[in-house]
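Source file: work22.csv; contents: CSV, C-alpha atoms.
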```csv
chain,number,residue,atom,x,y,z
X,750,MET,CA,-23.8,-193.2,-43.5
X,751,ARG,CA,-22.2,-192.6,-40.1
X,752,TYR,CA,-22.9,-189.3,-38.4
X,753,CYS,CA,-22.2,-187.9,-34.9
X,754,ALA,CA,-22.5,-184.7,-33.0
X,755,TRP,CA,-19.7,-184.0,-30.6
X,756,ASP,CA,-18.5,-181.7,-27.9
X,757,ILE,CA,-15.5,-181.2,-25.6
X,758,GLU,CA,-15.0,-179.7,-22.1
X,759,THR,CA,-11.7,-178.1,-21.4
X,760,SER,CA,-9.7,-176.5,-18.5
X,761,ASP,CA,-9.2,-173.2,-20.4
X,762,LEU,CA,-10.4,-171.6,-23.6
X,763,LYS,CA,-6.8,-171.0,-24.8
X,764,ALA,CA,-5.6,-174.1,-26.6
X,765,ASP,CA,-1.9,-173.8,-25.7
X,766,VAL,CA,-2.6,-173.9,-21.9
X,767,GLY,CA,-6.1,-175.5,-21.8
X,768,ARG,CA,-6.4,-179.3,-21.5
X,769,LEU,CA,-9.1,-181.6,-22.8
X,770,LEU,CA,-11.0,-182.8,-19.8
X,771,CYS,CA,-13.6,-184.9,-21.6
X,772,ALA,CA,-15.2,-185.4,-25.0
X,773,VAL,CA,-18.5,-187.0,-26.1
X,774,LEU,CA,-19.6,-188.2,-29.5
X,775,TYR,CA,-23.3,-188.8,-29.9
X,776,ASP,CA,-24.8,-190.9,-32.7
X,777,PRO,CA,-28.5,-189.9,-32.9
X,778,PHE,CA,-29.4,-192.8,-35.2
X,779,LYS,CA,-28.1,-195.4,-32.6
X,780,ARG,CA,-28.8,-193.1,-29.6
X,781,ARG,CA,-25.4,-194.0,-28.4
X,782,TYR,CA,-22.7,-192.0,-26.6
X,783,GLN,CA,-19.0,-192.5,-26.9
X,784,VAL,CA,-17.3,-190.9,-23.9
X,785,PHE,CA,-13.6,-190.0,-23.4
X,786,ARG,CA,-12.4,-188.9,-20.0
X,787,ASN,CA,-9.0,-187.6,-19.2
X,788,ASP,CA,-9.2,-188.8,-15.6
X,789,GLN,CA,-9.5,-192.4,-17.0
X,790,LEU,CA,-6.8,-192.0,-19.7
X,791,SER,CA,-4.0,-190.3,-17.9
X,792,THR,CA,-2.4,-190.4,-14.4
X,793,THR,CA,-2.4,-186.5,-14.4
X,794,MET,CA,-4.9,-184.1,-15.7
X,795,ASP,CA,-2.2,-182.0,-17.3
X,796,ASN,CA,-1.5,-184.7,-19.9
X,797,ASP,CA,-4.3,-184.9,-22.5
X,798,LYS,CA,-2.3,-186.6,-25.2
X,799,GLU,CA,-4.2,-189.9,-25.2
X,800,LEU,CA,-7.6,-188.2,-25.0
X,801,ALA,CA,-6.7,-186.0,-28.0
X,802,ILE,CA,-5.5,-189.0,-30.1
X,803,GLN,CA,-8.5,-191.2,-29.2
X,804,LEU,CA,-10.9,-188.3,-30.0
X,805,ARG,CA,-9.3,-187.6,-33.4
X,806,ASP,CA,-9.4,-191.3,-34.3
X,807,ALA,CA,-13.0,-191.7,-33.2
X,808,LEU,CA,-14.1,-188.6,-35.2
X,809,GLU,CA,-12.4,-190.0,-38.3
X,810,GLU,CA,-14.7,-193.0,-38.2
X,811,TYR,CA,-17.7,-190.9,-39.2
X,812,HIS,CA,-18.7,-189.6,-42.6
X,813,ILE,CA,-20.2,-186.4,-41.2
X,814,THR,CA,-19.8,-184.7,-37.8
X,815,SER,CA,-21.4,-181.7,-36.3
X,816,GLY,CA,-20.5,-179.4,-33.4
X,817,TRP,CA,-21.5,-176.0,-32.0
X,818,TYR,CA,-19.0,-173.3,-32.5
X,819,SER,CA,-16.7,-176.2,-33.4
X,820,LYS,CA,-14.9,-174.4,-36.2
X,821,GLY,CA,-14.1,-171.6,-33.8
X,822,PHE,CA,-13.2,-173.7,-30.8
X,823,ASP,CA,-13.4,-177.5,-30.6
X,824,ILE,CA,-11.6,-178.4,-33.8
X,825,THR,CA,-8.9,-175.8,-33.4
X,826,LEU,CA,-8.3,-176.7,-29.7
X,827,LEU,CA,-8.1,-180.4,-30.6
X,828,ASN,CA,-5.6,-179.8,-33.4
X,829,THR,CA,-3.6,-177.5,-31.2
X,830,ARG,CA,-3.4,-180.2,-28.5
X,831,LEU,CA,-2.4,-182.8,-31.1
X,832,ALA,CA,0.3,-180.5,-32.5
X,833,LYS,CA,1.6,-180.0,-28.9
X,834,TYR,CA,2.3,-183.7,-28.8
X,835,GLY,CA,3.7,-184.0,-32.3
X,836,GLN,CA,0.6,-185.8,-33.6
X,837,ARG,CA,-1.1,-185.3,-36.9
X,838,PRO,CA,-4.2,-183.1,-36.9
X,839,LEU,CA,-7.8,-184.2,-37.5
X,840,ARG,CA,-8.2,-185.0,-41.2
X,841,ARG,CA,-10.6,-183.0,-43.4
X,842,HIS,CA,-14.1,-184.4,-43.4
X,843,LEU,CA,-17.7,-183.2,-43.8
X,844,HIS,CA,-18.6,-181.1,-40.9
X,845,ILE,CA,-21.6,-178.9,-39.9
X,846,ASP,CA,-21.2,-176.1,-37.4
X,847,GLY,CA,-24.8,-175.1,-36.6
X,848,CYS,CA,-23.7,-172.0,-34.7
X,849,TRP,CA,-23.1,-170.1,-37.9
X,850,PHE,CA,-26.6,-170.7,-39.1
X,851,MET,CA,-28.0,-168.9,-36.0
X,852,LYS,CA,-26.2,-165.7,-36.6
X,853,GLY,CA,-28.7,-163.9,-38.8
X,854,TRP,CA,-26.6,-163.2,-41.9
X,855,ARG,CA,-26.4,-166.9,-42.6
X,856,GLY,CA,-29.9,-168.1,-41.7
X,857,LEU,CA,-31.9,-167.5,-38.5
X,858,ASN,CA,-31.5,-164.6,-36.2
X,859,PRO,CA,-32.5,-165.3,-32.6
X,860,ARG,CA,-31.2,-163.1,-29.8
X,861,SER,CA,-28.0,-165.1,-29.6
X,862,ALA,CA,-26.2,-168.0,-31.4
X,863,LYS,CA,-25.5,-169.8,-28.2
X,864,LEU,CA,-26.5,-173.5,-28.0
X,865,LYS,CA,-28.6,-172.7,-24.9
X,866,VAL,CA,-30.6,-170.2,-26.9
X,867,ALA,CA,-30.9,-172.5,-29.9
X,868,ALA,CA,-32.4,-175.2,-27.7
X,869,GLU,CA,-34.9,-172.7,-26.3
X,870,PHE,CA,-35.7,-171.3,-29.8
X,871,PHE,CA,-36.6,-174.7,-31.1
X,872,ASP,CA,-38.3,-175.6,-27.9
X,873,LEU,CA,-36.3,-178.7,-27.3
X,874,THR,CA,-37.0,-180.9,-24.3
X,875,ASP,CA,-33.3,-181.2,-23.6
X,876,ARG,CA,-31.6,-178.1,-22.3
X,877,LYS,CA,-28.0,-177.1,-21.8
X,878,PRO,CA,-27.1,-177.6,-18.1
X,879,ASP,CA,-25.2,-174.9,-16.1
X,880,VAL,CA,-22.1,-176.0,-14.3
X,881,ASP,CA,-20.7,-174.2,-11.2
X,882,VAL,CA,-17.2,-172.8,-11.7
X,883,TYR,CA,-15.9,-174.8,-8.8
X,884,VAL,CA,-16.8,-178.0,-10.6
X,885,TRP,CA,-14.5,-176.9,-13.5
X,886,ILE,CA,-11.7,-176.1,-11.1
X,887,SER,CA,-11.8,-179.4,-9.2
X,888,ALA,CA,-12.1,-181.4,-12.4
X,889,ALA,CA,-9.2,-179.5,-14.1
X,890,LEU,CA,-6.9,-179.4,-11.1
X,891,GLY,CA,-7.4,-182.8,-9.6
X,892,GLY,CA,-9.6,-184.9,-11.8
X,893,CYS,CA,-12.3,-185.1,-9.0
X,894,THR,CA,-14.5,-188.0,-10.1
X,895,GLU,CA,-17.7,-186.3,-9.0
X,896,SER,CA,-16.8,-183.1,-10.9
X,897,MET,CA,-15.8,-185.1,-14.0
X,898,ASP,CA,-19.1,-186.9,-13.9
X,899,ILE,CA,-20.9,-183.5,-14.0
X,900,LEU,CA,-18.8,-182.3,-16.9
X,901,VAL,CA,-19.4,-185.5,-18.8
X,902,ASP,CA,-23.1,-185.1,-18.3
X,903,ARG,CA,-22.9,-181.6,-19.6
X,904,CYS,CA,-20.8,-182.7,-22.6
X,905,LYS,CA,-23.4,-185.5,-23.3
X,906,ALA,CA,-26.2,-182.9,-23.2
X,907,ASP,CA,-24.3,-180.5,-25.5
X,908,ALA,CA,-23.6,-183.2,-28.0
X,909,LYS,CA,-27.3,-184.4,-28.0
X,910,ILE,CA,-28.6,-180.9,-28.2
X,911,THR,CA,-26.2,-180.1,-31.1
X,912,ALA,CA,-27.6,-183.1,-33.0
X,913,GLN,CA,-31.2,-182.0,-32.3
X,914,VAL,CA,-30.6,-178.4,-33.3
X,915,THR,CA,-28.6,-179.5,-36.4
X,916,ASP,CA,-31.6,-181.6,-37.4
X,917,LYS,CA,-34.0,-178.6,-37.0
X,918,LEU,CA,-31.7,-176.4,-39.0
X,919,LEU,CA,-31.7,-179.0,-41.8
X,920,ASP,CA,-35.5,-179.3,-41.6
X,921,VAL,CA,-36.1,-175.5,-42.0
X,922,GLY,CA,-33.7,-175.4,-45.0
X,923,VAL,CA,-31.1,-173.1,-43.5
X,924,ILE,CA,-28.2,-175.5,-44.1
X,925,LYS,CA,-27.9,-175.8,-47.8
X,926,ASN,CA,-24.6,-177.7,-48.1
X,927,ILE,CA,-22.1,-179.5,-45.9
X,928,GLN,CA,-18.5,-178.5,-46.3
X,929,MET,CA,-15.2,-180.1,-45.7
X,930,TYR,CA,-13.4,-178.9,-42.6
X,931,PRO,CA,-10.8,-178.2,-41.3
```

Target format structure tokens, applied to this file:
Amino acid sequence: MRYCAWDIETSDLKADVGRLLCAVLYDPFKRRYQVFRNDQLSTTMDNDKELAIQLRDALEEYHITSGWYSKGFDITLLNTRLAKYGQRPLRRHLHIDGCWFMKGWRGLNPRSAKLKVAAEFFDLTDRKPDVDVYVWISAALGGCTESMDILVDRCKADAKITAQVTDKLLDVGVIKNIQMYP
């Protein structure tokens, strides 16, 4: 079985104007990251077509994927960006979105369903890094290498933490089945 947890960083939360800046897939079994950076795939940061296509194709190599609020953001943003470029969407596959199991009515009920809180709740060693707003701006506007490095590090941390929290949610029995999505 091939499994990965994944995350994206974007220039905006609205999929029609926001661009994919970077994406990371983390395979916890192999402890391996697969990194996609728009500053390395495009000559301008406003064209994320190649990143979107490569991310979709890489995700489709896995039997199961997991994300954090991925059904509400990551997958829909990816599919919107693909549609913008006339590309097919991500195919349906087995997917776990751990966020929904931290919202009380579906499983656990900590003070928030944010990934940062989930990492604290499960007392993980890895924690979600904060990123200064000016890092986002310089990465999105000009593809500043230093800023992109910081965003990639955050994306790596988010993907790894997502895998760890998903594992904890499976261990405590909150996740009872894995559904096809999107």

**OP:** Just give me the gap between CA of Ala764 (chain X) and CA of Asn796 (chain X) in Å, one decimal is fine.
**Re:** 13.2 Å

Original post:
Which neighbours of Trp849 (chain X) fall inside 12 Å, counting all atoms listed in the file, when residues of the same chain fewer than 6 positions from it are skipped, and could you give them as a PyMOL selection string?
Top reply: chain X and resi 815-821+855-859+861-864+867+915+918+923-924

**OP:** Compile the contact shell of Pro931 (chain X) as a ChimeraX atom specification: residues with an atom at most 8 Å away, counting only C-alpha atoms, same-chain residues fewer than 4 positions apart removed.
**Re:** /X:820,824,839-842

With 8 Å as the cut-off and only C-alpha atoms counted, what is the closest atom pair between each nearby residue of region 827-909 of chain X and region 774-782 of chain X? Distances in Å to one decimal, ordered by chain and number, as a Markdown table.
```
| residue | atom | partner | partner_atom | distance |
| --- | --- | --- | --- | --- |
| X:Lys905 | CA | X:Tyr782 | CA | 7.3 |
| X:Ala908 | CA | X:Tyr775 | CA | 5.9 |
| X:Lys909 | CA | X:Tyr775 | CA | 6.2 |
```

Subject >> Shell around Arg768 (chain X) at 12 Å using all atoms listed in the file, local window under 6 positions removed, as number ranges by chain >> reply: X: 757-762, 786-788, 791, 793-801, 823, 826-831, 833, 885, 888-890, 892

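The two atoms in question, CA of Gln789 (chain X) and CA of Leu808 (chain X), are spaced 19.2 Å apart.
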
Subject >> Distance of CA of Lys763 (chain X) from CA of Ile802 (chain X), expressed in Å to one decimal place >> reply: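 The value is 18.8 Å.
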
**OP:** Excluding Val884 (chain X) and residues on its chain fewer than 5 positions from it, collect all residues at most 8 Å away from it, counting all atoms listed in the file, and give them as an MDAnalysis selection string.
**Re:** chainID X and resid 896:897 899:900

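Shortest separation to Lys925 (chain X) among X:Asp907, X:Phe850, X:Thr814, X:Tyr834 occurs at residue X:Phe850, atoms counted being all atoms listed in the file.
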
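Across X:Asp898, X:Glu810, X:Glu869, X:Asp881, the tightest approach to Cys753 (chain X) is made by X:Glu810 when counting all atoms listed in the file.
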
Original post:
From the list X:Val921, X:Leu843, X:Leu873, X:Met929, which residue is nearest Ala906 (chain X) when using all atoms listed in the file?
Top reply: X:Leu873

**OP:** Pick out the closest residue to Arg876 (chain X) from this set: X:Ile927, X:Ile845, X:Ile910, X:Leu790. Count all atoms listed in the file.
**Re:**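 Comparing X:Ile927, X:Ile845, X:Ile910, X:Leu790 against Arg876 (chain X), the winner is X:Ile910.
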
**OP:** Could you check which of X:Thr792, X:Tyr930, X:Arg860, X:Ile886 is closest to Glu809 (chain X), using all atoms listed in the file?
**Re:** X:Tyr930

Subject >> Of the listed residues X:Val766, X:Ile813, X:Val880, X:Cys771, that which approaches Gln928 (chain X) most closely, counting all atoms listed in the file >> reply: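 For Gln928 (chain X), the nearest of the candidates is X:Ile813.
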
Would you please take region 901-915 of chain X of the structure in the block above and write all heavy atoms to a file as a compact mmCIF listing (two decimals), in the first residue's frame?
```
# COMPACT_ATOMS: atom_id res chain seq x y z
N VAL X 901 8.34 26.18 2.05
CA VAL X 901 8.52 24.75 1.84
C VAL X 901 8.74 24.05 3.18
O VAL X 901 8.18 22.98 3.43
CB VAL X 901 9.68 24.46 0.86
CG1 VAL X 901 10.09 23.00 0.88
CG2 VAL X 901 9.28 24.87 -0.56
N ASP X 902 9.52 24.66 4.06
CA ASP X 902 9.74 24.07 5.38
C ASP X 902 8.42 23.97 6.15
O ASP X 902 8.16 22.96 6.81
CB ASP X 902 10.75 24.88 6.19
CG ASP X 902 12.18 24.70 5.70
OD1 ASP X 902 12.44 23.74 4.93
OD2 ASP X 902 13.04 25.52 6.08
N ARG X 903 7.59 24.99 6.05
CA ARG X 903 6.28 24.95 6.71
C ARG X 903 5.41 23.84 6.10
O ARG X 903 4.74 23.10 6.80
CB ARG X 903 5.57 26.30 6.59
CG ARG X 903 4.17 26.28 7.17
CD ARG X 903 3.42 27.55 6.81
NE ARG X 903 2.03 27.48 7.13
CZ ARG X 903 1.46 28.15 8.13
NH1 ARG X 903 2.18 28.90 8.92
NH2 ARG X 903 0.17 28.05 8.33
N CYS X 904 5.44 23.76 4.79
CA CYS X 904 4.64 22.75 4.08
C CYS X 904 5.10 21.35 4.47
O CYS X 904 4.28 20.45 4.68
CB CYS X 904 4.78 23.00 2.58
SG CYS X 904 3.41 22.44 1.58
N LYS X 905 6.41 21.14 4.59
CA LYS X 905 6.94 19.86 5.03
C LYS X 905 6.44 19.53 6.43
O LYS X 905 6.02 18.40 6.71
CB LYS X 905 8.48 19.87 5.03
CG LYS X 905 9.11 19.73 3.68
CD LYS X 905 10.63 19.75 3.85
CE LYS X 905 11.35 19.42 2.57
NZ LYS X 905 12.82 19.43 2.76
N ALA X 906 6.52 20.52 7.33
CA ALA X 906 6.07 20.31 8.70
C ALA X 906 4.58 19.96 8.73
O ALA X 906 4.16 19.04 9.43
CB ALA X 906 6.35 21.55 9.54
N ASP X 907 3.78 20.69 7.97
CA ASP X 907 2.34 20.43 7.94
C ASP X 907 2.03 19.03 7.42
O ASP X 907 1.16 18.33 7.96
CB ASP X 907 1.62 21.47 7.07
CG ASP X 907 1.53 22.84 7.73
OD1 ASP X 907 1.99 22.98 8.89
OD2 ASP X 907 1.00 23.76 7.09
N ALA X 908 2.72 18.59 6.38
CA ALA X 908 2.48 17.26 5.83
C ALA X 908 2.88 16.18 6.84
O ALA X 908 2.15 15.21 7.06
CB ALA X 908 3.23 17.08 4.52
N LYS X 909 4.03 16.36 7.49
CA LYS X 909 4.49 15.38 8.47
C LYS X 909 3.56 15.34 9.68
O LYS X 909 3.19 14.27 10.16
CB LYS X 909 5.92 15.70 8.91
CG LYS X 909 6.50 14.66 9.84
CD LYS X 909 7.95 14.98 10.19
CE LYS X 909 8.54 13.91 11.10
NZ LYS X 909 9.90 14.27 11.51
N ILE X 910 3.16 16.51 10.19
CA ILE X 910 2.25 16.57 11.33
C ILE X 910 0.90 15.95 10.96
O ILE X 910 0.30 15.24 11.76
CB ILE X 910 2.09 18.02 11.83
CG1 ILE X 910 3.41 18.51 12.43
CG2 ILE X 910 0.96 18.13 12.84
CD1 ILE X 910 3.47 20.02 12.66
N THR X 911 0.44 16.21 9.76
CA THR X 911 -0.82 15.61 9.30
C THR X 911 -0.73 14.08 9.36
O THR X 911 -1.65 13.41 9.82
CB THR X 911 -1.16 16.08 7.87
OG1 THR X 911 -1.42 17.49 7.92
CG2 THR X 911 -2.37 15.36 7.31
N ALA X 912 0.39 13.53 8.90
CA ALA X 912 0.57 12.07 8.96
C ALA X 912 0.57 11.58 10.40
O ALA X 912 -0.06 10.57 10.72
CB ALA X 912 1.87 11.67 8.26
N GLN X 913 1.23 12.31 11.29
CA GLN X 913 1.30 11.91 12.69
C GLN X 913 -0.06 11.99 13.37
O GLN X 913 -0.44 11.08 14.12
CB GLN X 913 2.31 12.78 13.44
CG GLN X 913 3.74 12.57 12.99
CD GLN X 913 4.70 13.60 13.57
OE1 GLN X 913 4.31 14.68 13.98
NE2 GLN X 913 5.98 13.25 13.59
N VAL X 914 -0.80 13.07 13.14
CA VAL X 914 -2.12 13.22 13.76
C VAL X 914 -3.09 12.19 13.18
O VAL X 914 -3.89 11.60 13.93
CB VAL X 914 -2.66 14.66 13.59
CG1 VAL X 914 -4.11 14.76 14.05
CG2 VAL X 914 -1.79 15.65 14.35
N THR X 915 -3.02 11.94 11.89
CA THR X 915 -3.88 10.92 11.28
C THR X 915 -3.62 9.57 11.93
O THR X 915 -4.55 8.82 12.25
CB THR X 915 -3.64 10.85 9.75
OG1 THR X 915 -3.95 12.13 9.18
CG2 THR X 915 -4.51 9.78 9.10
```
